[in-house]
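Have a look at the structure below, then the notes.
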Amino acid sequence: MLCSASSPTPPAGGHAAADHHARLRSAAARSDLPGALAAFAAMSSSASASPVLRTFTSLLKLCAARADLATGRAVHAQLAARGLSAESLAATALANMYAKCRRPGDARRVFDRMPVRDRVAWNALVAGYARNGLAGAAMEMFVRMQEEDGERPDSVTLVSVLPACADAQALGACREVHGFAVRASFDELVNVSTAILDVYCKCGAVEVARSVFDRMPDKNSVSWNAMIKGYAENGDATEALMLFKRMVGEGVDVTDVSVLAALHACGELGYLDEGRRVHELLMRIGLESNVSVMNALITMYSKCKRTDLAGQVFDEVRYKTRISWNAMILGCTQNGRSEDAVRLFSRMQLKNVKPDSFTLVSVIPALADISDPLQARWIHGYSIRMHLDQDVYVLTALIDMYAKCGRVSIARSLFNSAREKHVITWNAMIHGYGSHGFGKVAVDLFEEMKSSGRVPNETTFLSVLSACSHAGLVDEGRKYFSSMKDGYGLEPGMEHYGTMVDLLGRAGKLDEAWSFIQKMPMDPGISVYGALLGACKLHKNVELAEESAQRIFELGPDEGVYHVLLANIYANASMLKDVARVRTAMEKKGLQKTPGWSIVQLKNEIHTFYSGSTNHQQAKDIYARLAKLIEEIKAVGYVPDTDSIHDVEDDVKAQLLNTHSEKLAIAYGLIRTTPGTTIQIKKNLRVCNDCHNATKLISLVTGREIIMRDIQRFHHFKDGKCSCGDYW
């Protein structure tokens, strides 16, 4: 009897085994760990469908992808029970799983037990070490695989070890890997060349990275991203933006990485129009739902001084992260919108978004700018409750805030309590003392800093030079300026030169200051000539003032402050025709004098006064108290300093001086506070000579301490004296 040609029917158990294996493979393809485990459990319970080695390795890959250490250990136990854990395929999968679950020690133990190791096993361990931040171990294994087992690295090995070179900032090792890649022709692979240029960028060798980039026969979007990001992170925003524009022009797919780098570059350069074009592009390619991109957009607009546009983007972000809030708060703080920054911080708390140290470092400077001691104490207490007060950056911000709120003694207490003093912490305290006129204390602290082994940086020297300037410590200032380069290899910048000119000018050494400017290794900026112009007003040197002003006007200042300063110098010298000439020039250029204001904050209310303003609800009481005050200080020797006012009668001059904003603010503070209370004033301009003299005498006749923060420094008036020693 002939049999049919049809295939034999498999046993029922065979169908079950195939089905279980198919289910497990399908679950693995979907990264469905629960489904894979269910299929594995069914397979284990079926006598005809016992798991095979590849079943275990599939499960281990899923465990690695999900960082499921507990399940991975269970699979390891199953392999050990079956005597399969030392098999090369299984051991490699185990090592990879442990490495991705952040257990590199366990990965190494599995690796060491392998009787035979192939290139895949070595690659797994090199990648595992690199992924876990153990750069040295990764590079060591890269060398050992060649020396001990004679395994030749492949492209996977190179792409695995190169990030370790970057983490270790091992430029020499990177060059060696690069050389190997060239000799083995692996540099023709786009992923290898991209990894090489990325490491060069991270090691600061951007020019070498660019040469690698330019020689690549094929580039993908990852290559472009790495090069653009490399430029951005190494401070070459111009080149980053140029390369991004070229990338777009060549039709390469733009991703979030390249957009983030481009937005960073636009922000650093202040290129608003370019930033807007990047904004339009990211909207077209659908990145408006990427919160990281939107956060970068907020930062870019803030750095371009358009917090209004940053605010619009912030409002459009549907799911705001803490970084979103931080970016917007910082943007407001850096653009002088301090009260908006504080309001945002309050909103953030109402939304139950937990602040971090960066949040506090962003909002504390806003409170420092507001200069309210009550709010300063509140944010300090808040940082303690959040256990962030000993974060070095938060602590430094608190020190700076208390100093700017006129509470330099509290700032020093915080400084003394710091477990760790970073260079920025020393800088903040030195600057705090200097801004309050305590130059000798600032210098002593600077010397203590050096004795502690902490190396000063450019900001440290700027702070100590400023302290010397405000305190008249000319010899010390000269010494510290010279030591910048001679003792520490630091190149003085424009601000350092400007501060030295200010130091010499305040001391009346105008010829030395002018000679110092002529010897500068760079073209002097507005700040340098501006410092000299201010000194010329102080010492009534018209000739040098004219020379300085001419240099300033050639540089095209945006504000009228220097024209006003020159006009005042002419006025003091009774050169009224020249005063009129300067004022006419201001009008033609559309420059205006910044109106002076002073604020005093009482019981969480900010009261702002302008010179001659009468719109305050207690204006009648304020002017009455001020009139009485003027009579009281005249009795102890006050004589109005009318040198800066012309074209009016003497009695009108005195009346104009008596209605200056700081005098109105002081009078209001005296009305609203109890005897003995310290009055604190903030002014947007430099305090004038007359108000400075008057405030000293007001502190004497009222028995009050008056702290006045002007645009340059703090003045502590007490018992008829000022902390500046009249050297301001």
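By order in the structure tokens, chains are A, B, ...; within a chain, residues start at 1; ligands start at 1, following the order shown.
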
Neighbour list for A:His422 as a list of chain:residue names, cut-off 12 Å, only C-alpha atoms, skip fewer than 3 positions in-chain |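 Neighbouring residues, sequence-local ones excluded: A:Gln390, A:Asp391, A:Val392, A:Tyr393, A:Val394, A:Leu395, A:Thr396, A:Ala397, A:Phe415, A:Ala418, A:Arg419, A:Thr425, A:Trp426, A:Asn427, A:Ala428, A:Met429, A:Met449, A:Ser452, A:Gly453, A:Arg454, A:Val455, A:Pro456, A:Asn457, A:Thr460.
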
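Using only C-alpha atoms, the contacts of A:Thr307 at a cut-off of 12 Å, with sequence neighbours closer than 6 positions omitted, comprise Leu272, Leu297, Ile298, Thr299, Met300, Tyr301, Val313, Phe314, Asp315, Ala327, Met328, Ile329, Leu330, Gly331, Cys332, Thr333, Gln334, Asn335, Gly336, Arg337, Ser338, Asp340 and Ala341 of chain A.
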
Please, which residues of stretch 387-633 of chain A, numbered as in this document, come out alpha helix (DSSP H) from DSSP, as number ranges by chain?
-> A: 392-404, 408-417, 423-435, 439-451, 458-471, 474-488, 494-506, 510-518, 526-539, 542-554, 561-572, 576-589, 619-633

What lies within 12 Å of stretch 131-139 of chain A using only C-alpha atoms, ignoring chain neighbours under 6 positions off, as a PyMOL selection string?
-> chain A and resi 96+98-105+107-108+122-125+145-146+157-170+172-174+176-177

Would you mind telling me which residue in A:Glu250, A:Thr238, A:Gly669, A:Gly676 lies nearest to A:Gly270 when using only C-alpha atoms?
->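 Counting only C-alpha atoms, the residue closest to A:Gly270 is A:Thr238.
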
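Counting from atom CA of A:Phe446, the distance to atom CA of A:Asp710 is 24.5 Å.
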
Counting only C-alpha atoms, what is within 9 Å of stretch 637-639 of chain A, bar same-chain residues fewer than 5 positions away, as a VMD selection string?
-> chain A and resid 630 to 632 690 693 to 694 697

Those residues with C-alpha atoms, as a PDB file, in the first residue's frame please?
```
ATOM      1  CA  ILE A 630      17.009 120.684  56.843  1.00  0.00           C
ATOM      2  CA  GLU A 631      16.760 123.240  59.638  1.00  0.00           C
ATOM      3  CA  GLU A 632      18.146 120.712  62.144  1.00  0.00           C
ATOM      4  CA  ASP A 690      25.075 117.348  48.653  1.00  0.00           C
ATOM      5  CA  ASN A 693      26.922 115.450  53.158  1.00  0.00           C
ATOM      6  CA  ALA A 694      23.323 115.968  54.250  1.00  0.00           C
ATOM      7  CA  LEU A 697      24.387 115.078  59.357  1.00  0.00           C
TER       8      LEU A 697
END
```

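Ranking A:Phe142, A:Phe481, A:Tyr562, A:Phe438 by their shortest atom-to-atom distance to A:Gly725, with only C-alpha atoms included, puts A:Phe438 first.
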
Atom CA of A:Ile679 and atom CA of A:Ser409 are how many Å apart?
->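 Taking atom CA of A:Ile679 as the start and atom CA of A:Ser409 as the end point, the length is 16.7 Å.
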
Residues within 12 Å of A:Val182, only C-alpha atoms, excluding chain neighbours under 6 positions, as a ChimeraX atom specification | /A:155,158,175-176,188-189,192-193,196,212,215-216

Of A:Ala571, A:Met97, A:Ala366, A:Ile633, the one nearest to A:Val110 when counting only C-alpha atoms is A:Met97

Residues of stretch 497-665 of chain A in strand (DSSP E or B) according to DSSP, as a list in words?
->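 Matching residues, listed in order: Trp597, Ser598, Ile599, Val600, Gln601, Leu602, Glu605, Ile606, His607, Thr608, Phe609 and Tyr610 of chain A.
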
Of the listed residues A:Val353, A:Cys405, A:Ala535, A:Ile681, that which approaches A:Asp369 most closely, counting only C-alpha atoms |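 Between A:Val353, A:Cys405, A:Ala535, A:Ile681, the residue approaching A:Asp369 most closely is A:Cys405.
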
Would you list the contacts of A:Pro492 as a ChimeraX atom specification, taking every protein, DNA or RNA residue within 8 Å and counting only C-alpha atoms, but skipping same-chain residues closer than 5 positions in sequence?
-> /A:458,481,484-485,497

Can I get the selected residues back with N, CA and C atoms, as a compact mmCIF listing (two decimals), in the first residue's frame?
```txt
# COMPACT_ATOMS: atom_id res chain seq x y z
N GLU A 458 40.21 85.51 38.18
CA GLU A 458 40.05 86.88 37.67
C GLU A 458 39.02 87.66 38.47
N PHE A 481 47.33 94.20 41.29
CA PHE A 481 47.19 94.21 39.83
C PHE A 481 48.43 93.57 39.19
N MET A 484 48.58 89.70 39.44
CA MET A 484 47.68 88.89 38.61
C MET A 484 48.45 88.09 37.59
N LYS A 485 49.28 88.81 36.82
CA LYS A 485 50.03 88.16 35.75
C LYS A 485 51.32 87.54 36.26
N TYR A 497 41.40 96.77 34.21
CA TYR A 497 42.03 98.04 33.86
C TYR A 497 41.13 99.21 34.28
```

Among the residues A:Ala624, A:Val564, A:Cys691, A:Ala130, the one that comes closest to A:His715 [using only C-alpha atoms] = A:Cys691
